[in-house]
Amino acid sequence: PTAQPPVAHPPASGLRVVTAATMELQNVANLGPSGYTLSIEEKSALQVSMLAIQRKENLPSKLMFWGKIMGETNDYLIAYSLIPAYYFPVKRFYYCTTANMSTLVQMPILSPEWKELSAAIKLPFRGEPSALMIEGAEEPEEPEVAEGEEAPPPVEVFREQHRLSYVVSQIDHDVAVVPRDAFIV
């Protein structure tokens, strides 16, 4: 017997209405035939990390698995949480690498310049979030601080984690769908 796709209502006017569910880690096994799935180690470490960050940040909704982005040395595992907002919930994205799955890190918010830089890069991901992405760029030196003075905020440098944030936001935007029965006014 063949599996039937979940259909919410009979097709109307030639359109097929499909009800989609969010991706929970229990459903990742369904991706096995495509060849891209999580190992048992990745799945269990991600579950623990998701629970830890949910408790640490007191998130209003549980973290959901978003996907996996392949890198040359390590892969990125992405999760998200929906934060209630007045008009529409906001997605907050987190990531970890397969080399360090014990800690989920919130993706940085990008400036317009870094969005442009990210869009221009066409290279594959390395899997190293702290890798500098601008050729010839060097790690900024920490300024010397006199006693009694506050240290200035650290200089932010464009890294692979910023590009990852851009790519995830673009993919998420491109695959977003309008809920059934929603109207634009």
# chains A, B, ... in the order shown; residues from 1 in each chain; ligands from 1
>>> select_by_dssp(residues="range 27-75 of chain A", states="strand (DSSP E)", output="VMD selection string")
chain A and resid 64 to 69
>>> write_last_selection(atoms="all heavy atoms", output="compact mmCIF listing (two decimals), in the first residue's frame")
# COMPACT_ATOMS: atom_id res chain seq x y z
N MET A 64 11.80 23.94 17.89
CA MET A 64 11.51 22.99 16.82
C MET A 64 12.75 22.87 15.93
O MET A 64 13.48 23.83 15.73
CB MET A 64 10.33 23.47 15.98
CG MET A 64 9.05 23.72 16.77
SD MET A 64 8.41 22.25 17.54
CE MET A 64 7.87 21.36 16.11
N PHE A 65 12.92 21.69 15.37
CA PHE A 65 14.03 21.46 14.45
C PHE A 65 13.71 22.14 13.13
O PHE A 65 12.62 21.98 12.58
CB PHE A 65 14.24 19.96 14.24
CG PHE A 65 15.33 19.62 13.28
CD1 PHE A 65 16.65 19.92 13.57
CD2 PHE A 65 15.05 18.98 12.09
CE1 PHE A 65 17.67 19.61 12.69
CE2 PHE A 65 16.06 18.65 11.20
CZ PHE A 65 17.38 18.97 11.51
N TRP A 66 14.65 22.93 12.60
CA TRP A 66 14.43 23.64 11.34
C TRP A 66 15.13 22.92 10.19
O TRP A 66 14.57 22.79 9.11
CB TRP A 66 14.95 25.07 11.46
CG TRP A 66 14.71 25.91 10.25
CD1 TRP A 66 13.58 26.61 9.95
CD2 TRP A 66 15.63 26.14 9.17
NE1 TRP A 66 13.74 27.27 8.74
CE2 TRP A 66 14.98 26.99 8.25
CE3 TRP A 66 16.91 25.70 8.89
CZ2 TRP A 66 15.60 27.42 7.09
CZ3 TRP A 66 17.52 26.13 7.73
CH2 TRP A 66 16.86 26.98 6.85
N GLY A 67 16.38 22.47 10.41
CA GLY A 67 17.08 21.80 9.33
C GLY A 67 18.56 21.65 9.59
O GLY A 67 19.06 22.00 10.66
N LYS A 68 19.24 21.14 8.60
CA LYS A 68 20.67 20.89 8.67
C LYS A 68 21.31 21.50 7.44
O LYS A 68 20.87 21.27 6.32
CB LYS A 68 20.91 19.38 8.71
CG LYS A 68 22.35 18.94 8.80
CD LYS A 68 22.39 17.41 8.90
CE LYS A 68 23.79 16.90 9.10
NZ LYS A 68 23.83 15.44 9.28
N ILE A 69 22.35 22.30 7.64
CA ILE A 69 23.09 22.89 6.53
C ILE A 69 24.48 22.27 6.53
O ILE A 69 25.18 22.31 7.54
CB ILE A 69 23.15 24.42 6.65
CG1 ILE A 69 21.74 24.99 6.48
CG2 ILE A 69 24.12 25.00 5.62
CD1 ILE A 69 21.65 26.48 6.46
>>> residues_around(residues="Met133 in chain A", least_positions_apart="6", cutoff="10 Å", atoms="only C-alpha atoms", output="list in words")
Leu117, Ser118, Ile121, Val157, Phe158, Arg159, Glu160, Gln161, His162 and Arg163 of chain A
>>> residues_around(residues="range 40-50 of chain A", least_positions_apart="5", cutoff="6 Å", atoms="only C-alpha atoms", output="list in words")
Met101, Ser102 and Thr103 of chain A
>>> write_last_selection(atoms="C-alpha atoms", output="CSV table (one decimal), in the first residue's frame")
chain,number,residue,atom,x,y,z
A,101,MET,CA,26.3,19.9,19.7
A,102,SER,CA,26.1,20.6,23.4
A,103,THR,CA,25.4,24.3,23.0
>>> atom_distance(atom1="CA of Gln54 in chain A", atom2="CA of Ile109 in chain A")
19.5 Å
>>> closest_residue(among="A:Ile78, A:Leu51, A:Met70, A:Val105", to="Gly127 in chain A", atoms="only C-alpha atoms")
A:Met70
>>> atom_distance(atom1="CA of Lys62 in chain A", atom2="CA of Tyr36 in chain A")
23.9 Å
>>> select_by_dssp(residues="range 37-156 of chain A", states="alpha helix (DSSP H)", output="list in words")
Ile40, Glu41, Glu42, Lys43, Ser44, Ala45, Leu46, Gln47, Val48, Ser49, Met50, Leu51, Ala52, Ile53, Gln54, Arg55, Lys56, Glu57, Pro112, Glu113, Trp114, Lys115, Glu116, Leu117, Ser118, Ala119 and Ala120 of chain A
>>> residues_around(residues="Leu59 in chain A", least_positions_apart="3", cutoff="9 Å", atoms="only C-alpha atoms", output="NGL selection string")
:A and (53-56 or 62-63 or 81-83)
>>> write_last_selection(atoms="N, CA and C atoms", output="PDB file, in the first residue's frame")
ATOM      1  N   ILE A  53      18.389  25.137  26.280  1.00  0.00           N
ATOM      2  CA  ILE A  53      18.214  26.541  25.884  1.00  0.00           C
ATOM      3  C   ILE A  53      16.788  27.005  26.164  1.00  0.00           C
ATOM      4  N   GLN A  54      15.827  26.106  26.036  1.00  0.00           N
ATOM      5  CA  GLN A  54      14.441  26.454  26.319  1.00  0.00           C
ATOM      6  C   GLN A  54      14.269  26.806  27.794  1.00  0.00           C
ATOM      7  N   ARG A  55      14.897  26.049  28.660  1.00  0.00           N
ATOM      8  CA  ARG A  55      14.816  26.329  30.098  1.00  0.00           C
ATOM      9  C   ARG A  55      15.643  27.552  30.460  1.00  0.00           C
ATOM     10  N   LYS A  56      16.827  27.676  29.888  1.00  0.00           N
ATOM     11  CA  LYS A  56      17.724  28.788  30.206  1.00  0.00           C
ATOM     12  C   LYS A  56      17.095  30.131  29.832  1.00  0.00           C
ATOM     13  N   LYS A  62       8.097  25.630  22.617  1.00  0.00           N
ATOM     14  CA  LYS A  62       9.228  24.719  22.544  1.00  0.00           C
ATOM     15  C   LYS A  62      10.016  24.938  21.256  1.00  0.00           C
ATOM     16  N   LEU A  63      11.278  24.578  21.317  1.00  0.00           N
ATOM     17  CA  LEU A  63      12.131  24.694  20.136  1.00  0.00           C
ATOM     18  C   LEU A  63      11.779  23.590  19.154  1.00  0.00           C
ATOM     19  N   SER A  81      12.415  28.927  17.630  1.00  0.00           N
ATOM     20  CA  SER A  81      11.318  29.065  18.577  1.00  0.00           C
ATOM     21  C   SER A  81      10.429  30.197  18.077  1.00  0.00           C
ATOM     22  N   LEU A  82       9.141  30.057  18.276  1.00  0.00           N
ATOM     23  CA  LEU A  82       8.207  31.118  17.911  1.00  0.00           C
ATOM     24  C   LEU A  82       7.964  32.002  19.133  1.00  0.00           C
ATOM     25  N   ILE A  83       8.267  33.273  18.992  1.00  0.00           N
ATOM     26  CA  ILE A  83       8.079  34.241  20.069  1.00  0.00           C
ATOM     27  C   ILE A  83       6.808  35.024  19.766  1.00  0.00           C
TER      28      ILE A  83
END
>>> atom_distance(atom1="CA of Tyr76 in chain A", atom2="CA of Cys96 in chain A")
5.7 Å
